[in-house]
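The structure appears right after this line, and notes come after that.
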Amino acid sequence: MSFAELGLEPGLLRAVQSLGYTDPTPIQEQAIPLALAGRDLLGCAQTGTGKTAAFILPALQLMGRTSGPGGQGGTDGRPGHGGRPPVGTLVVTPTRELAGQIEEVAVACSKYTGQRIAAVYGGVGYDPQIRKLRRGVDLLVATPGRLLDLVQRGDVDLSHVEILVLDEADRMLDMGFWPDVRRILALLPPKRQNMLFSATLTSDVMRVAGPTLSDPARVEVAPSATPVEGVSQAVYPVAEAQKIDLLVRLLEEEKLDRVLVFTRTKHRADRVCRHLERSRIKGTAIHSNRTQSQRQRALDGFKDGTYRVLVATDIVARGIDVDSISHVINYDLPSQAQDYVHRIGRTARAGASGTAISFLAAEQANELREIELMLGEPLPCRDLEGFTYMQRLIPNPDRTAKKPKPRLVYNGSRRRRR
Ligand code: AMP
């Protein structure tokens with residue numbers, strides 16, 4: 001199916017073309033026609049499936065019809081309540097990185113249709129965001145805390161929102177943002193179109209989705225437990241005390257180009273970074289204790305190759321959308337098996353292949369078991385040749401896990417503008 005067949009208007013089709021998207025991804029194919037028909041959506045899709053364009057494109061088209069430039073609604077720059085131009089579409093997302101990336105997609109998609117896009121998130125100054133809001137915003141991407149601050153200061157008018165997108169709802173729940181989201185919902189007009197996207201549809205997500213969505217159509221591309229195609233996975237058993245040496249040796253000896261390393265805590269991320277520095281390996285860390293500009297610098301440096309290694313914790317890594325990550329290294333296994341899939345999905349993007357390496361200390365045997373149960377098969381164990389292991393950890397070779405029915409996520413070839 002082509003984008004034109006999904007019912008998108010010419011300006012959006014041109015934008016999609018200049019983004020280099022030739023065919024819609026499965027989630028786009030499902031979601032766009034339903035959204036254009038005005039339906040509420042309950043979407044189960046993880047990052048990497050093309051879900052951002054799946055909600056941005058119909059939102060831009062629908063606003064164009066009822067309110068955007070040339071329309072008759074309230075977001076054409078005319079003052080709304082309190083003299084501020086009201087927002088037409090609101091996208092709420094958990095992290096600054098995701099907000100920035102959604103904004104980027106929205107700006108690119110609105111290139112020929114002219115809607116005004118802005119993103120507001122914490123960790124940066126208020127003034128540029130407020131200036132942009134005053135000029136008028138048709139589609140606003142926001143993290144919950146900063147949005148509420150701006151509402152309280154009287155800088156945002158949400159009383160004309162026609163379309164609400166709740167992105168990564170499971171993560172917003174995990175991060176404790178739902179009370180803020182509920183406060184935001186209370187500020188919106190009751191008659192609106194809602195789209196809720198989540199990597200997993202847990203009972204918690206369903207509980208909060210229920211009152212938010214009205215007769216939603218469900219769109220789904222893959223269960224979140226599906227590993228991404230094209231990622232080869234291996235476990236390296238190693239004592240906790242030797243993890244750092246093993247990491248340095250791997251980075252020194254193997255052909256690891258662009259490497260994303262996951263640690264369990266911010267503190268451990270910083271410590272790994274310091275060790276890399278001592279070994280003259282170019283690395284940087286990204287976690288929620290770093291300021292927004294530090295995070296951006298780390299991410300930009302990783303993208304442009306200044307840093308070969310990016311060390312991250314799960315929460316911020318959620319939004320890392322970087323092409324050609326050759327290796328993901330789980331320095332610490334995640335405590336939630338689901339996060340394993342999110343982590344390894346950072347590699348093998350854009351149709352490329354990738355490798356996921358997991359360090360396994362004796363203390364993390366249970367975590368490995370949970371992951372293997374979820375994957376439905378044991379992961380192969382490897383040793384690094386020539387590395388002197390202090391102690392041998394050999395996971396039970398008879399590990400068997402019940403294999404669930406395999407379902408694949410979209411991982412077709414993608415071209416990007418970047
Ligand atoms: P997302 O799941 O929204 O984070 O998108 C993942 C990546 O897929 C982004 O880099 C998009 O630019 C890219 N992408 C989205 N839709 C398409 C498409 N139809 N064809 C090719 N690439 C796409």
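Residue numbering restarts at 1 in every chain; chains get A, B, ... in the order shown in the structure tokens, and ligands count up from 1 in that same order.
With only C-alpha atoms and all ligand atoms counted, the chains near ligand 1 contribute these residues within 6 Å: Tyr21, Thr22, Asp23, Pro24, Thr25, Thr47, Gly48, Thr49, Gly50, Lys51, Thr52, Ala53, Arg414, Arg415 and Arg416 of chain A.
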Can those selected residues be exported to a file as a tab-separated table (two decimals), in the first residue's frame so that it contains N, CA and C atoms?
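Result file follows (selection.tsv):
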chain	number	residue	atom	x	y	z
A	21	TYR	N	10.76	8.28	2.77
A	21	TYR	CA	9.91	7.12	3.05
A	21	TYR	C	9.22	6.72	1.75
A	22	THR	N	9.42	5.52	1.30
A	22	THR	CA	8.75	5.10	0.07
A	22	THR	C	7.41	4.42	0.37
A	23	ASP	N	7.43	3.48	1.30
A	23	ASP	CA	6.19	2.77	1.65
A	23	ASP	C	5.89	2.97	3.12
A	24	PRO	N	4.59	2.97	3.45
A	24	PRO	CA	4.26	3.07	4.88
A	24	PRO	C	4.69	1.82	5.63
A	25	THR	N	5.05	1.97	6.89
A	25	THR	CA	5.35	0.81	7.73
A	25	THR	C	4.01	0.20	8.17
A	47	THR	N	9.31	2.00	19.71
A	47	THR	CA	10.12	2.89	18.90
A	47	THR	C	10.84	2.07	17.83
A	48	GLY	N	10.94	2.62	16.63
A	48	GLY	CA	11.59	1.87	15.56
A	48	GLY	C	10.58	1.31	14.57
A	49	THR	N	9.30	1.44	14.87
A	49	THR	CA	8.27	0.89	13.99
A	49	THR	C	7.70	1.96	13.05
A	50	GLY	N	8.09	3.20	13.25
A	50	GLY	CA	7.52	4.29	12.46
A	50	GLY	C	6.26	4.86	13.10
A	51	LYS	N	6.12	4.66	14.40
A	51	LYS	CA	4.87	5.08	15.05
A	51	LYS	C	4.74	6.61	15.11
A	52	THR	N	5.86	7.32	15.14
A	52	THR	CA	5.76	8.78	15.25
A	52	THR	C	5.02	9.37	14.05
A	53	ALA	N	5.46	8.98	12.84
A	53	ALA	CA	4.77	9.48	11.65
A	53	ALA	C	3.34	8.95	11.61
A	414	ARG	N	15.31	1.58	5.79
A	414	ARG	CA	14.81	2.94	5.94
A	414	ARG	C	15.90	3.91	5.53
A	415	ARG	N	15.44	4.95	4.87
A	415	ARG	CA	16.41	6.00	4.59
A	415	ARG	C	16.02	7.18	5.43
A	416	ARG	N	17.00	7.88	5.90
A	416	ARG	CA	16.69	9.03	6.74
A	416	ARG	C	17.34	10.28	6.19
DSSP on the backbone: which residues in segment 79-324 of chain A end up as strand (DSSP E)? Give the answer as a PyMOL selection string.
chain A and resi 89-92+117-120+139-142+163-166+193-198+217-220+231-237+259-262+283-286+309-312
Selection near segment 273-276 of chain A, 8 Å with only C-alpha atoms, sequence-local residues under 3 positions removed, as a list of chain:residue names:
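That gives A:Ile244, A:Val248, A:Ala269, A:Asp270, A:Ser279, A:Arg280, A:Ile281, A:Lys282, A:Gly283, A:Thr284, A:Ala285, A:Val311.
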note - atom CA of Ala239 of chain A and atom CA of Arg271 of chain A are separated by 16.9 Å
Which neighbours of Gly100 of chain A fall inside 12 Å, counting only C-alpha atoms, when residues of the same chain fewer than 2 positions from it are skipped, and could you give them as an MDAnalysis selection string?
chainID A and resid 52 91:98 102:107 117:122 140:143 292 295:296 299 319:321
Now that the selection is made, can you save its residues with N, CA and C atoms as a CSV table (one decimal), in the first residue's frame?
chain,number,residue,atom,x,y,z
A,52,THR,N,5.9,7.3,15.1
A,52,THR,CA,5.8,8.8,15.2
A,52,THR,C,5.0,9.4,14.0
A,91,VAL,N,0.8,16.6,21.9
A,91,VAL,CA,1.5,15.2,22.0
A,91,VAL,C,2.2,15.2,23.3
A,92,VAL,N,1.9,14.3,24.2
A,92,VAL,CA,2.5,14.2,25.5
A,92,VAL,C,3.4,13.0,25.5
A,93,THR,N,4.7,13.2,25.9
A,93,THR,CA,5.7,12.1,25.8
A,93,THR,C,6.6,12.2,27.0
A,94,PRO,N,7.1,11.1,27.5
A,94,PRO,CA,7.8,11.1,28.8
A,94,PRO,C,9.2,11.8,28.8
A,95,THR,N,10.0,11.8,27.8
A,95,THR,CA,11.3,12.3,28.0
A,95,THR,C,11.6,13.5,27.0
A,96,ARG,N,12.6,14.2,27.4
A,96,ARG,CA,13.0,15.4,26.5
A,96,ARG,C,13.5,14.9,25.2
A,97,GLU,N,14.3,13.8,25.2
A,97,GLU,CA,14.8,13.3,24.0
A,97,GLU,C,13.7,12.9,23.0
A,98,LEU,N,12.7,12.2,23.5
A,98,LEU,CA,11.6,11.8,22.7
A,98,LEU,C,10.8,13.1,22.2
A,102,ILE,N,10.2,13.8,18.3
A,102,ILE,CA,8.9,13.9,17.7
A,102,ILE,C,8.7,15.3,17.0
A,103,GLU,N,9.3,16.3,17.7
A,103,GLU,CA,9.3,17.7,17.1
A,103,GLU,C,9.9,17.6,15.7
A,104,GLU,N,11.1,17.0,15.6
A,104,GLU,CA,11.8,16.9,14.4
A,104,GLU,C,11.0,16.2,13.3
A,105,VAL,N,10.3,15.1,13.6
A,105,VAL,CA,9.4,14.5,12.6
A,105,VAL,C,8.3,15.4,12.2
A,106,ALA,N,7.7,16.1,13.2
A,106,ALA,CA,6.6,17.0,12.9
A,106,ALA,C,7.0,18.1,12.0
A,107,VAL,N,8.2,18.7,12.3
A,107,VAL,CA,8.7,19.8,11.5
A,107,VAL,C,8.9,19.3,10.0
A,117,ILE,N,5.0,24.2,14.6
A,117,ILE,CA,5.3,23.1,15.6
A,117,ILE,C,6.2,23.6,16.7
A,118,ALA,N,6.0,23.1,17.9
A,118,ALA,CA,6.9,23.5,19.0
A,118,ALA,C,7.0,22.3,19.9
A,119,ALA,N,8.1,22.3,20.7
A,119,ALA,CA,8.2,21.3,21.8
A,119,ALA,C,8.6,22.0,23.0
A,120,VAL,N,8.0,21.6,24.1
A,120,VAL,CA,8.4,22.2,25.5
A,120,VAL,C,8.7,21.0,26.4
A,121,TYR,N,9.9,21.2,27.0
A,121,TYR,CA,10.3,20.1,28.0
A,121,TYR,C,11.3,20.8,29.0
A,122,GLY,N,11.5,20.1,30.1
A,122,GLY,CA,12.3,20.6,31.2
A,122,GLY,C,13.7,20.6,30.9
A,140,LEU,N,1.8,20.9,19.4
A,140,LEU,CA,2.7,21.1,20.5
A,140,LEU,C,3.1,19.7,21.1
A,141,VAL,N,4.4,19.5,21.2
A,141,VAL,CA,5.0,18.3,21.8
A,141,VAL,C,5.4,18.6,23.2
A,142,ALA,N,5.1,17.9,24.2
A,142,ALA,CA,5.5,18.3,25.5
A,142,ALA,C,5.7,17.2,26.5
A,143,THR,N,6.6,17.4,27.4
A,143,THR,CA,6.7,16.5,28.6
A,143,THR,C,5.8,17.0,29.6
A,292,GLN,N,20.2,19.2,30.2
A,292,GLN,CA,19.7,19.0,28.9
A,292,GLN,C,20.8,19.2,27.9
A,295,ARG,N,23.2,16.4,27.8
A,295,ARG,CA,22.7,15.2,27.1
A,295,ARG,C,22.7,15.4,25.6
A,296,GLN,N,22.3,16.6,25.2
A,296,GLN,CA,22.3,16.9,23.8
A,296,GLN,C,23.7,16.8,23.2
A,299,LEU,N,24.7,13.2,22.9
A,299,LEU,CA,24.0,12.5,21.8
A,299,LEU,C,24.5,13.0,20.4
A,319,GLY,N,14.7,7.1,24.3
A,319,GLY,CA,14.5,8.0,23.1
A,319,GLY,C,15.7,8.1,22.2
A,320,ILE,N,16.7,7.3,22.4
A,320,ILE,CA,17.9,7.4,21.5
A,320,ILE,C,17.6,6.8,20.1
A,321,ASP,N,17.6,7.7,19.1
A,321,ASP,CA,17.3,7.2,17.8
A,321,ASP,C,18.5,7.5,16.9
Spatial neighbours of Phe359 of chain A, 10 Å, only C-alpha atoms, chain gap at least 2 places, as a ChimeraX atom specification
/A:234-240,243,246-247,329-333,357,361-362,364,368,381-382
Would you save the residues of that selection, restricted to C-alpha atoms, as a PDB file, in the first residue's frame?
ATOM      1  CA  ALA A 234      25.418 -13.383  23.089  1.00  0.00           C
ATOM      2  CA  VAL A 235      26.083 -13.579  26.813  1.00  0.00           C
ATOM      3  CA  TYR A 236      29.574 -13.116  28.259  1.00  0.00           C
ATOM      4  CA  PRO A 237      29.746 -14.615  31.743  1.00  0.00           C
ATOM      5  CA  VAL A 238      32.103 -12.464  33.844  1.00  0.00           C
ATOM      6  CA  ALA A 239      32.615 -11.625  37.504  1.00  0.00           C
ATOM      7  CA  GLU A 240      31.202  -8.252  38.552  1.00  0.00           C
ATOM      8  CA  LYS A 243      33.190  -6.236  33.912  1.00  0.00           C
ATOM      9  CA  LEU A 246      36.189  -7.021  29.813  1.00  0.00           C
ATOM     10  CA  LEU A 247      34.470  -3.951  28.363  1.00  0.00           C
ATOM     11  CA  ILE A 329      26.424  -3.928  25.428  1.00  0.00           C
ATOM     12  CA  ASN A 330      24.390  -4.731  28.512  1.00  0.00           C
ATOM     13  CA  TYR A 331      27.043  -3.977  31.104  1.00  0.00           C
ATOM     14  CA  ASP A 332      24.305  -4.751  33.594  1.00  0.00           C
ATOM     15  CA  LEU A 333      21.330  -6.842  32.601  1.00  0.00           C
ATOM     16  CA  ILE A 357      26.382  -8.488  24.123  1.00  0.00           C
ATOM     17  CA  ALA A 361      27.688 -11.706  36.663  1.00  0.00           C
ATOM     18  CA  ALA A 362      26.649 -14.479  39.038  1.00  0.00           C
ATOM     19  CA  GLN A 364      22.292 -11.577  37.609  1.00  0.00           C
ATOM     20  CA  LEU A 368      19.029 -13.750  32.497  1.00  0.00           C
ATOM     21  CA  CYS A 381      27.426 -17.934  25.883  1.00  0.00           C
ATOM     22  CA  ARG A 382      30.793 -16.662  24.704  1.00  0.00           C
TER      23      ARG A 382
END
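In this comparison, which uses only C-alpha atoms, the residue of A:Ala108, A:Gly230, A:Thr265, A:Ala241 approaching Met390 of chain A most closely is A:Ala241.
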From the options A:Leu360, A:Glu253, A:Gln115, A:Gln193, which residue's atoms come nearest to Ala37 of chain A, counting only C-alpha atoms?
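Looking only at the distances to Ala37 of chain A, the closest residue turns out to be A:Gln193.
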Which residues are near Ala209 of chain A? Cut-off 9 Å, only C-alpha atoms, ignore same chain within fewer than 6 positions. Put them as a compact mmCIF listing (two decimals) with all heavy atoms, in the first residue's frame.
# COMPACT_ATOMS: atom_id res chain seq x y z
N LEU A 42 -5.80 3.01 20.01
CA LEU A 42 -4.99 2.40 21.06
C LEU A 42 -3.89 1.65 20.31
O LEU A 42 -4.15 0.62 19.68
CB LEU A 42 -5.85 1.43 21.88
CG LEU A 42 -5.14 0.61 22.95
CD1 LEU A 42 -4.45 1.50 23.96
CD2 LEU A 42 -6.13 -0.30 23.66
N ALA A 169 2.90 5.53 26.67
CA ALA A 169 2.07 5.59 27.88
C ALA A 169 2.63 4.68 28.97
O ALA A 169 2.62 5.04 30.16
CB ALA A 169 0.64 5.19 27.55
N LEU A 196 -3.47 6.82 21.87
CA LEU A 196 -2.55 6.42 22.93
C LEU A 196 -1.63 5.34 22.38
O LEU A 196 -2.09 4.34 21.83
CB LEU A 196 -3.35 5.90 24.13
CG LEU A 196 -2.56 5.48 25.37
CD1 LEU A 196 -3.37 5.79 26.63
CD2 LEU A 196 -2.21 4.01 25.36
Close residues, Ser353 of chain A itself excluded, 8 Å, only C-alpha atoms, min 5 positions apart in chain, as a list in words
Gly230, Val231, Ser232, Ser326, Thr347 and Ala348 of chain A
Please write the residues from the selection above to a file, keeping N, CA, C and O atoms, as a short mmCIF file (atom, residue, chain, number, x, y, z; two decimals), in the first residue's frame.
data_model
loop_
_atom_site.label_atom_id
_atom_site.label_comp_id
_atom_site.auth_asym_id
_atom_site.auth_seq_id
_atom_site.Cartn_x
_atom_site.Cartn_y
_atom_site.Cartn_z
N GLY A 230 17.63 -9.37 12.97
CA GLY A 230 18.94 -8.90 12.53
C GLY A 230 19.91 -8.62 13.67
O GLY A 230 21.02 -8.16 13.43
N VAL A 231 19.49 -8.85 14.93
CA VAL A 231 20.41 -8.62 16.04
C VAL A 231 20.97 -9.97 16.48
O VAL A 231 20.22 -10.87 16.85
N SER A 232 22.28 -10.13 16.42
CA SER A 232 22.83 -11.38 16.96
C SER A 232 23.16 -11.14 18.43
O SER A 232 23.68 -10.09 18.80
N SER A 326 26.44 -0.20 16.09
CA SER A 326 26.84 -1.55 15.70
C SER A 326 26.65 -2.54 16.85
O SER A 326 26.35 -3.70 16.63
N THR A 347 20.06 -1.28 18.21
CA THR A 347 20.98 -1.63 17.13
C THR A 347 20.17 -2.29 16.03
O THR A 347 18.97 -2.47 16.14
N ALA A 348 20.83 -2.62 14.94
CA ALA A 348 20.16 -3.25 13.79
C ALA A 348 19.00 -2.42 13.31
O ALA A 348 17.99 -2.94 12.88
#
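Pairwise distance (atom CA of Gly354 of chain A, atom CA of Ala298 of chain A) equals 21.5 Å.
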Nearest residue to Arg14 of chain A from the set A:Ala365, A:Met175, A:Cys109, A:Ala59 (distances using only C-alpha atoms)
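Result for the nearest residue to Arg14 of chain A: A:Cys109.
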Name the closest residue to Val208 of chain A among the candidates A:His267, A:His327, A:Arg182, A:Lys111; distances are taken between atoms, counting only C-alpha atoms.
A:Arg182
